[in-house]
$ cat protein-v3.cif   # mmCIF, C-alpha atoms
data_work
loop_
_atom_site.label_atom_id
_atom_site.label_comp_id
_atom_site.auth_asym_id
_atom_site.auth_seq_id
_atom_site.Cartn_x
_atom_site.Cartn_y
_atom_site.Cartn_z
CA PRO A 1 91.58 71.58 75.61
CA SER A 2 93.78 74.52 74.61
CA PRO A 3 92.58 77.22 77.05
CA LEU A 4 92.74 75.04 80.13
CA PRO A 5 96.34 73.87 80.00
CA THR A 6 97.54 77.32 78.86
CA ARG A 7 96.53 79.20 82.02
CA ARG A 8 97.39 76.57 84.61
CA PRO A 9 100.87 75.53 83.74
CA SER A 10 101.86 79.05 82.77
CA PRO A 11 102.57 80.45 86.26
CA LEU A 12 104.27 77.33 87.55
CA PRO A 13 106.81 76.63 84.82
CA THR A 14 107.72 80.28 84.36
CA PRO A 15 109.81 80.71 87.54
CA LEU A 16 111.25 77.24 87.32
CA PRO A 17 112.66 77.47 83.80
CA PHE A 18 113.79 81.04 84.40
CA SER A 19 115.83 80.48 87.54
CA ALA A 20 117.11 76.98 86.86
CA PRO A 21 118.17 77.28 83.24
CA SER A 22 119.36 80.80 83.76
CA THR A 23 122.14 79.82 86.17
CA MET A 24 122.94 76.30 85.09
CA PRO A 25 123.05 76.56 81.31
CA SER A 26 124.39 80.06 81.56
CA ALA A 27 127.73 78.89 82.92
CA LEU A 28 128.23 76.21 80.27
CA PRO A 29 126.97 77.81 77.08
CA THR A 30 128.28 81.23 77.99
CA GLY A 31 130.92 81.09 75.32
CA SER A 32 128.70 80.21 72.39
CA PRO A 33 125.19 81.61 73.21
CA SER A 34 126.57 84.94 74.27
CA PRO A 35 123.55 87.09 73.18
CA GLN A 36 120.94 85.06 75.21
CA PRO A 37 122.75 85.03 78.56
CA THR A 38 123.66 88.69 78.27
CA PRO A 39 120.13 90.19 78.57
CA SER A 40 118.66 87.55 80.95
CA PRO A 41 121.52 87.22 83.52
CA SER A 42 121.42 90.86 84.46
CA THR A 43 121.87 89.87 88.06
CA PRO A 44 125.36 90.23 89.55
CA GLY A 45 125.67 86.48 90.03
CA PRO A 46 126.19 85.26 86.45
CA SER A 47 127.50 88.51 85.06
CA PRO A 48 130.75 88.78 87.06
CA THR A 49 131.66 85.22 86.33
CA PRO A 50 131.47 85.40 82.54
CA THR A 51 132.63 88.97 82.50
CA ALA A 52 135.60 88.47 84.77
CA VAL A 53 136.71 85.27 83.14
CA PRO A 54 136.55 86.35 79.51
CA SER A 55 137.51 89.89 80.31
CA ALA A 56 140.53 89.00 82.42
CA LEU A 57 141.71 86.22 80.14
CA PRO A 58 141.55 88.06 76.86
CA SER A 59 142.45 91.39 78.41
CA ALA A 60 145.32 90.45 80.67
CA ILE A 61 146.71 87.42 78.84
CA PRO A 62 146.38 88.28 75.16
CA SER A 63 147.03 91.95 75.65
CA PRO A 64 150.35 91.77 77.54
CA VAL A 65 151.55 88.62 75.83
CA PRO A 66 151.01 89.55 72.20
CA SER A 67 151.59 93.21 72.75
CA PRO A 68 154.99 93.05 74.53
CA THR A 69 156.10 90.01 72.62
CA PRO A 70 155.59 91.37 69.11
CA THR A 71 156.36 94.93 70.12
CA SER A 72 159.39 94.36 72.32
CA ALA A 73 160.67 91.27 70.48
CA PRO A 74 160.62 92.70 66.94
CA THR A 75 161.73 96.11 68.09
CA PRO A 76 164.80 95.01 70.05
CA LEU A 77 165.64 92.24 67.61
CA PRO A 78 165.75 94.38 64.47
CA SER A 79 166.82 97.53 66.30
CA THR A 80 169.37 96.39 68.83
CA PRO A 81 170.55 92.88 67.84
CA PRO A 82 170.47 93.31 64.06
CA SER A 83 172.06 96.68 64.28
CA PRO A 84 175.10 95.57 66.28
CA LEU A 85 175.30 92.16 64.64
CA PRO A 86 175.23 93.20 60.98
CA SER A 87 176.80 96.51 61.76
CA ALA A 88 179.60 95.13 63.89
CA SER A 89 180.19 91.95 61.90
CA PRO A 90 180.25 93.41 58.38
CA THR A 91 181.86 96.63 59.49
CA SER A 92 184.65 95.07 61.49
CA ILE A 93 185.21 91.97 59.33
CA PRO A 94 184.88 93.30 55.77
CA SER A 95 186.19 96.67 56.74
CA ALA A 96 189.24 95.23 58.44
CA LEU A 97 189.98 92.66 55.75
CA PRO A 98 189.38 94.67 52.56
CA THR A 99 190.62 97.97 53.92
CA PRO A 100 194.13 96.79 54.80
CA SER A 101 194.28 94.52 51.76
CA PRO A 102 193.54 96.94 48.91
CA SER A 103 194.22 100.29 50.50
CA GLY A 104 196.77 99.25 53.05
CA SER A 105 200.02 98.88 51.27
CA PRO A 106 201.32 96.20 53.70
CA VAL A 107 199.16 93.47 52.24
CA PRO A 108 199.70 94.22 48.52
CA THR A 109 203.26 95.18 49.26
CA GLN A 110 203.89 91.96 51.13
CA LEU A 111 202.30 89.89 48.40
CA PRO A 112 204.35 91.39 45.56
CA THR A 113 207.38 91.71 47.80
CA PRO A 114 207.59 87.97 48.51
CA ASN A 115 206.63 87.34 44.93
CA SER A 116 209.41 89.55 43.68
CA PRO A 117 212.03 87.40 45.39
CA PHE A 118 210.28 84.37 43.92
CA PRO A 119 210.90 85.44 40.32
CA THR A 120 214.41 86.22 41.36
CA ALA A 121 214.69 82.95 43.23
CA VAL A 122 213.00 80.91 40.51
CA PRO A 123 215.17 82.04 37.62
CA SER A 124 218.14 82.11 39.92
CA PRO A 125 218.16 78.36 40.65
CA LEU A 126 218.07 77.60 36.94
CA PRO A 127 221.40 79.21 36.15
CA SER A 128 222.76 78.54 39.61
CA ILE A 129 222.12 74.79 39.60
CA TYR A 130 225.30 72.91 40.14
CA CYS A 131 226.74 70.83 37.29
CA GLU A 132 229.50 68.30 37.81
CA PRO A 133 232.80 68.91 35.98
CA GLY A 134 232.52 67.73 32.40
CA THR A 135 228.80 68.57 32.24
CA GLY A 136 226.99 71.82 31.52
CA VAL A 137 223.72 73.45 30.57
CA GLU A 138 222.78 74.76 27.16
CA SER A 139 221.05 78.11 26.74
CA GLY A 140 217.44 77.95 27.97
CA SER A 141 217.92 74.53 29.58
CA ASP A 142 218.00 73.59 33.25
CA VAL A 143 219.48 70.11 32.80
CA CYS A 144 223.18 69.33 33.04
CA GLU A 145 224.36 67.50 29.93
CA THR A 146 227.69 65.86 29.09
CA CYS A 147 230.12 68.12 27.26
CA THR A 148 230.83 67.00 23.69
CA ILE A 149 234.32 66.36 22.29
CA GLY A 150 236.42 69.48 21.86
CA ARG A 151 234.72 71.09 24.86
CA PHE A 152 235.15 71.06 28.64
CA GLN A 153 233.66 72.43 31.86
CA ASN A 154 235.42 72.84 35.20
CA ALA A 155 233.96 76.14 36.46
CA SER A 156 233.72 76.77 40.18
CA ALA A 157 230.72 79.09 39.82
CA PRO A 158 227.90 79.53 37.31
CA PRO A 159 227.33 79.66 34.44
CA TRP A 160 227.87 75.92 34.03
CA THR A 161 228.41 75.86 30.28
CA CYS A 162 230.70 73.66 28.22
CA GLN A 163 233.47 75.78 26.67
CA LEU A 164 235.49 75.21 23.51
CA CYS A 165 239.04 74.11 24.31
CA ASP A 166 241.60 76.89 24.25
CA ILE A 167 243.80 77.43 21.19
CA GLY A 168 246.60 74.85 21.08
CA ARG A 169 244.53 72.35 23.09
CA TYR A 170 242.05 69.59 22.26
CA ASN A 171 240.15 66.61 23.64
CA VAL A 172 238.78 63.53 21.94
CA ALA A 173 236.41 62.32 24.66
CA THR A 174 233.08 63.56 26.01
CA GLY A 175 232.45 64.74 29.56
CA GLN A 176 235.89 66.25 30.07
CA ALA A 177 236.82 68.77 32.75
CA MET A 178 240.00 69.85 30.90
CA CYS A 179 241.66 69.75 27.47
CA GLU A 180 245.00 68.26 26.41
CA LYS A 181 247.81 70.37 25.01
CA CYS A 182 248.91 69.78 21.44
CA SER A 183 252.35 68.26 20.96
CA ALA A 184 255.19 70.34 19.59
CA GLY A 185 254.74 71.38 15.93
CA LYS A 186 251.05 70.45 15.88
CA LEU A 187 248.08 72.82 15.81
CA SER A 188 244.61 72.39 17.30
CA SER A 189 241.80 72.06 14.82
CA ALA A 190 239.00 74.61 14.61
CA ASP A 191 236.63 72.32 16.48
CA ARG A 192 239.39 71.37 18.98
CA THR A 193 238.90 67.68 18.37
CA GLN A 194 242.50 67.03 17.30
CA CYS A 195 245.98 68.46 16.96
CA ARG A 196 247.53 68.27 13.53
CA ASP A 197 249.05 70.18 10.71
CA CYS A 198 246.57 72.54 9.09
CA SER A 199 245.10 71.14 5.90
CA ALA A 200 243.60 72.55 2.69
CA GLY A 201 240.72 74.90 3.35
CA GLU A 202 242.34 76.11 6.59
CA TYR A 203 244.86 78.66 7.76
CA VAL A 204 247.19 78.92 10.77
CA VAL A 205 246.39 81.58 13.37
CA ASN A 206 249.28 82.77 15.55
CA SER A 207 251.08 79.50 14.92
CA THR A 208 248.77 77.79 17.40
CA ILE A 209 245.51 76.89 15.71
CA CYS A 210 244.00 75.96 12.37
CA GLU A 211 240.90 77.91 11.31
CA TYR A 212 238.59 77.28 8.34
CA CYS A 213 238.66 79.65 5.39
CA THR A 214 235.76 82.10 5.52
CA SER A 215 233.16 82.77 2.80
CA GLY A 216 234.63 83.74 -0.59
CA LYS A 217 238.13 82.56 0.35
CA TYR A 218 239.97 79.31 -0.25
CA ALA A 219 243.21 77.49 0.57
CA PRO A 220 244.51 74.74 -1.74
CA VAL A 221 247.04 74.07 1.05
CA ALA A 222 247.13 75.41 4.59
CA GLN A 223 247.77 79.12 4.60
CA THR A 224 249.24 81.38 7.27
CA ASP A 225 247.11 84.03 8.98
CA ASP A 226 244.38 84.01 6.27
CA CYS A 227 243.09 82.21 3.18
CA LEU A 228 243.25 83.38 -0.44
CA GLU A 229 240.46 85.48 -1.96
CA CYS A 230 238.52 83.96 -4.83
CA SER A 231 238.70 86.48 -7.68
CA ALA A 232 235.93 87.77 -9.98
CA GLY A 233 234.68 85.27 -12.55
CA PHE A 234 235.34 82.46 -10.08
CA SER A 235 233.55 80.90 -7.09
CA THR A 236 234.47 78.68 -4.14
CA GLY A 237 231.36 76.48 -4.25
CA GLN A 238 231.08 76.26 -0.44
CA GLU A 239 230.51 78.74 2.36
CA VAL A 240 233.52 77.94 4.62
CA GLY A 241 236.59 75.73 4.40
CA ALA A 242 236.88 75.95 0.59
CA ASP A 243 240.05 74.58 -0.90
CA THR A 244 239.35 75.55 -4.56
CA CYS A 245 238.29 78.61 -6.57
CA SER A 246 236.66 77.53 -9.84
CA ALA A 247 235.86 79.57 -12.96
CA CYS A 248 232.23 80.49 -13.65
CA ASP A 249 230.57 78.70 -16.56
CA ALA A 250 229.40 80.55 -19.67
CA GLY A 251 226.05 82.22 -19.07
CA THR A 252 227.03 82.99 -15.44
CA PHE A 253 229.26 85.54 -13.74
CA SER A 254 230.68 86.58 -10.37
CA SER A 255 231.98 89.90 -9.14
CA GLY A 256 234.58 88.44 -6.78
CA MET A 257 234.75 86.46 -3.50
CA ALA A 258 231.62 84.58 -4.56
CA VAL A 259 230.45 81.27 -3.19
CA ASN A 260 228.37 80.60 -6.33
CA CYS A 261 228.25 82.16 -9.79
CA SER A 262 225.06 84.03 -10.79
CA ALA A 263 223.03 83.49 -14.00
CA CYS A 264 222.95 86.25 -16.63
CA PRO A 265 219.39 87.57 -17.18
CA ALA A 266 217.53 87.42 -20.54
CA GLY A 267 218.81 89.99 -23.03
CA THR A 268 222.41 89.40 -21.89
CA TYR A 269 225.03 86.69 -22.17
CA SER A 270 228.49 85.78 -20.85
CA GLY A 271 231.41 83.51 -21.52
CA THR A 272 233.44 81.54 -19.00
CA ARG A 273 235.25 83.33 -16.18
CA ASP A 274 233.29 86.53 -16.79
CA ASP A 275 232.80 89.00 -13.97
CA GLU A 276 229.70 90.53 -15.60
CA CYS A 277 227.10 89.88 -18.31
CA THR A 278 227.16 91.57 -21.75
CA ASN A 279 224.03 93.09 -23.31
CA CYS A 280 222.89 91.77 -26.70
CA THR A 281 223.65 94.21 -29.53
CA ALA A 282 221.00 95.80 -31.78
CA GLY A 283 219.31 93.23 -33.98
CA SER A 284 220.10 90.33 -31.61
CA TYR A 285 218.44 88.93 -28.49
CA SER A 286 218.60 86.26 -25.80
CA ALA A 287 215.20 85.02 -24.69
CA THR A 288 216.26 83.06 -21.60
CA ASP A 289 218.51 83.42 -18.57
CA SER A 290 222.04 81.99 -18.54
CA SER A 291 222.47 82.59 -22.26
CA THR A 292 225.92 82.10 -23.64
CA SER A 293 225.29 84.18 -26.74
CA CYS A 294 222.68 86.34 -28.48
CA ALA A 295 220.72 85.25 -31.56
CA SER A 296 220.00 87.52 -34.58
CA CYS A 297 216.46 88.75 -34.99
CA GLU A 298 214.47 87.34 -37.92
CA ALA A 299 213.82 89.45 -40.98
CA GLY A 300 211.16 92.04 -40.30
CA ARG A 301 211.85 91.96 -36.62
#
$ encode --input "protein-v3.cif" --output "structure tokens"
Amino acid sequence: PSPLPTRRPSPLPTPLPFSAPSTMPSALPTGSPSPQPTPSPSTPGPSPTPTAVPSALPSAIPSPVPSPTPTSAPTPLPSTPPSPLPSASPTSIPSALPTPSPSGSPVPTQLPTPNSPFPTAVPSPLPSIYCEPGTGVESGSDVCETCTIGRFQNASAPPWTCQLCDIGRYNVATGQAMCEKCSAGKLSSADRTQCRDCSAGEYVVNSTICEYCTSGKYAPVAQTDDCLECSAGFSTGQEVGADTCSACDAGTFSSGMAVNCSACPAGTYSGTRDDECTNCTAGSYSATDSSTSCASCEAGR
């Protein structure tokens, strides 16, 4: 059965499958079975269709679209836009701002210049704050406080500080704008809190005021112009306003105008009212400070 069907159907199906499948399937499977349609459709009918369609589509569409888009878009964007944008923005903005600020003296000069009035204006209001009469500011303070007794404040311009009443005047109340004058025959005290006769430990100055005796001086009663000096071997016992001058105890001494007597060191001694210490003689000693005498050395010593 093999030889008979082989020769008969061979001439008939050959033209039919060649012409029919060559045009019909060639248009549909042109994209995928590219190698089969290429040799068989050598006729101008199928060839221009697949060639023109793929050739024009990939050639005209992909070539101008990708080529100008990537070439022209990246080139003008980085070249033209980025160059003016970063170049103009950073150059004009940072260059204008930093250049006048650091190098241009107007900006640093204007910053320190307004700041320099500020330090002047800030410290200035502190001393120049207004205080009502009878009140004032202490050193380093910016608060008006009531003046204490013996003081006043009635200034018309700063500094607003409470002042001690003038000699021959006094006040006994706080927050005063003026001081009262002492009555005839009376003297203002050193702290200006009263007018009175000067008392022990004080002296009269210019017949107007009582002042305290200074260090090393004393006044058993009020003195005139100055207090008495405490002599050597004696001491006043207090720094100012002393009204006595007492003799130094044995074992101590003073060289004059002393507030306190000093202890004699070991190896020396003193009696009462001495102005210096005496060294122990040969064969005697004093082992401690403030000795009143020297002891004889033991035999063999």
$ atom_distance --input "protein-v3.cif" --atom1 "atom CA of A:Val259" --atom2 "atom CA of A:Ala242"
9.2 Å
$ atom_distance --input "protein-v3.cif" --atom1 "atom CA of A:Trp160" --atom2 "atom CA of A:Cys179"
16.5 Å
$ resolve_selection --input "protein-v3.cif" --expression "the PyMOL selection byres ((chain A and resi 185-192) around 8)" --output "short mmCIF file (atom, residue, chain, number, x, y, z; two decimals) with C-alpha atoms, in the coordinates of the input"
data_model
loop_
_atom_site.label_atom_id
_atom_site.label_comp_id
_atom_site.auth_asym_id
_atom_site.auth_seq_id
_atom_site.Cartn_x
_atom_site.Cartn_y
_atom_site.Cartn_z
CA ILE A 149 234.32 66.36 22.29
CA GLY A 150 236.42 69.48 21.86
CA ARG A 151 234.72 71.09 24.86
CA LEU A 164 235.49 75.21 23.51
CA CYS A 165 239.04 74.11 24.31
CA ASP A 166 241.60 76.89 24.25
CA ILE A 167 243.80 77.43 21.19
CA GLY A 168 246.60 74.85 21.08
CA ARG A 169 244.53 72.35 23.09
CA TYR A 170 242.05 69.59 22.26
CA ASN A 171 240.15 66.61 23.64
CA CYS A 182 248.91 69.78 21.44
CA SER A 183 252.35 68.26 20.96
CA ALA A 184 255.19 70.34 19.59
CA THR A 193 238.90 67.68 18.37
CA GLN A 194 242.50 67.03 17.30
CA CYS A 195 245.98 68.46 16.96
CA ARG A 196 247.53 68.27 13.53
CA ASP A 197 249.05 70.18 10.71
CA CYS A 198 246.57 72.54 9.09
CA VAL A 204 247.19 78.92 10.77
CA SER A 207 251.08 79.50 14.92
CA THR A 208 248.77 77.79 17.40
CA ILE A 209 245.51 76.89 15.71
CA CYS A 210 244.00 75.96 12.37
CA GLU A 211 240.90 77.91 11.31
CA TYR A 212 238.59 77.28 8.34
#
$ closest_residue --input "protein-v3.cif" --among "A:Ala299, A:Ser235, A:Cys147, A:Pro265" --to "A:Ala287" --atoms "all atoms listed in the file"
A:Pro265
$ residues_around --input "protein-v3.cif" --residues "A:Ser293" --least-positions-apart "5" --cutoff "8 Å" --atoms "all atoms listed in the file" --output "ChimeraX atom specification"
/A:251,268-270,280,286
$ residues_around --input "protein-v3.cif" --residues "A:Cys131" --least-positions-apart "2" --cutoff "7 Å" --atoms "all atoms listed in the file" --output "list in words"
Ile129, Pro133, Thr135, Gly136, Cys144 and Trp160 of chain A
$ atom_distance --input "protein-v3.cif" --atom1 "atom CA of A:Ser284" --atom2 "atom CA of A:Gly271"
16.6 Å
$ resolve_selection --input "protein-v3.cif" --expression "the PyMOL selection byres ((chain A and resi 218) around 8)" --output "ChimeraX atom specification"
/A:201-202,213-214,216-217,219-220,227-230,236,241-245
$ write_last_selection --input "protein-v3.cif" --atoms "C-alpha atoms" --output "PDB file, keeping the file's coordinate frame"
ATOM      1  CA  GLY A 201     240.720  74.900   3.350  1.00  0.00           C
ATOM      2  CA  GLU A 202     242.340  76.110   6.590  1.00  0.00           C
ATOM      3  CA  CYS A 213     238.660  79.650   5.390  1.00  0.00           C
ATOM      4  CA  THR A 214     235.760  82.100   5.520  1.00  0.00           C
ATOM      5  CA  GLY A 216     234.630  83.740  -0.590  1.00  0.00           C
ATOM      6  CA  LYS A 217     238.130  82.560   0.350  1.00  0.00           C
ATOM      7  CA  ALA A 219     243.210  77.490   0.570  1.00  0.00           C
ATOM      8  CA  PRO A 220     244.510  74.740  -1.740  1.00  0.00           C
ATOM      9  CA  CYS A 227     243.090  82.210   3.180  1.00  0.00           C
ATOM     10  CA  LEU A 228     243.250  83.380  -0.440  1.00  0.00           C
ATOM     11  CA  GLU A 229     240.460  85.480  -1.960  1.00  0.00           C
ATOM     12  CA  CYS A 230     238.520  83.960  -4.830  1.00  0.00           C
ATOM     13  CA  THR A 236     234.470  78.680  -4.140  1.00  0.00           C
ATOM     14  CA  GLY A 241     236.590  75.730   4.400  1.00  0.00           C
ATOM     15  CA  ALA A 242     236.880  75.950   0.590  1.00  0.00           C
ATOM     16  CA  ASP A 243     240.050  74.580  -0.900  1.00  0.00           C
ATOM     17  CA  THR A 244     239.350  75.550  -4.560  1.00  0.00           C
ATOM     18  CA  CYS A 245     238.290  78.610  -6.570  1.00  0.00           C
TER      19      CYS A 245
END
$ resolve_selection --input "protein-v3.cif" --expression "the PyMOL selection byres ((chain A and resi 262) around 6)" --output "ChimeraX atom specification"
/A:252-253,261,263
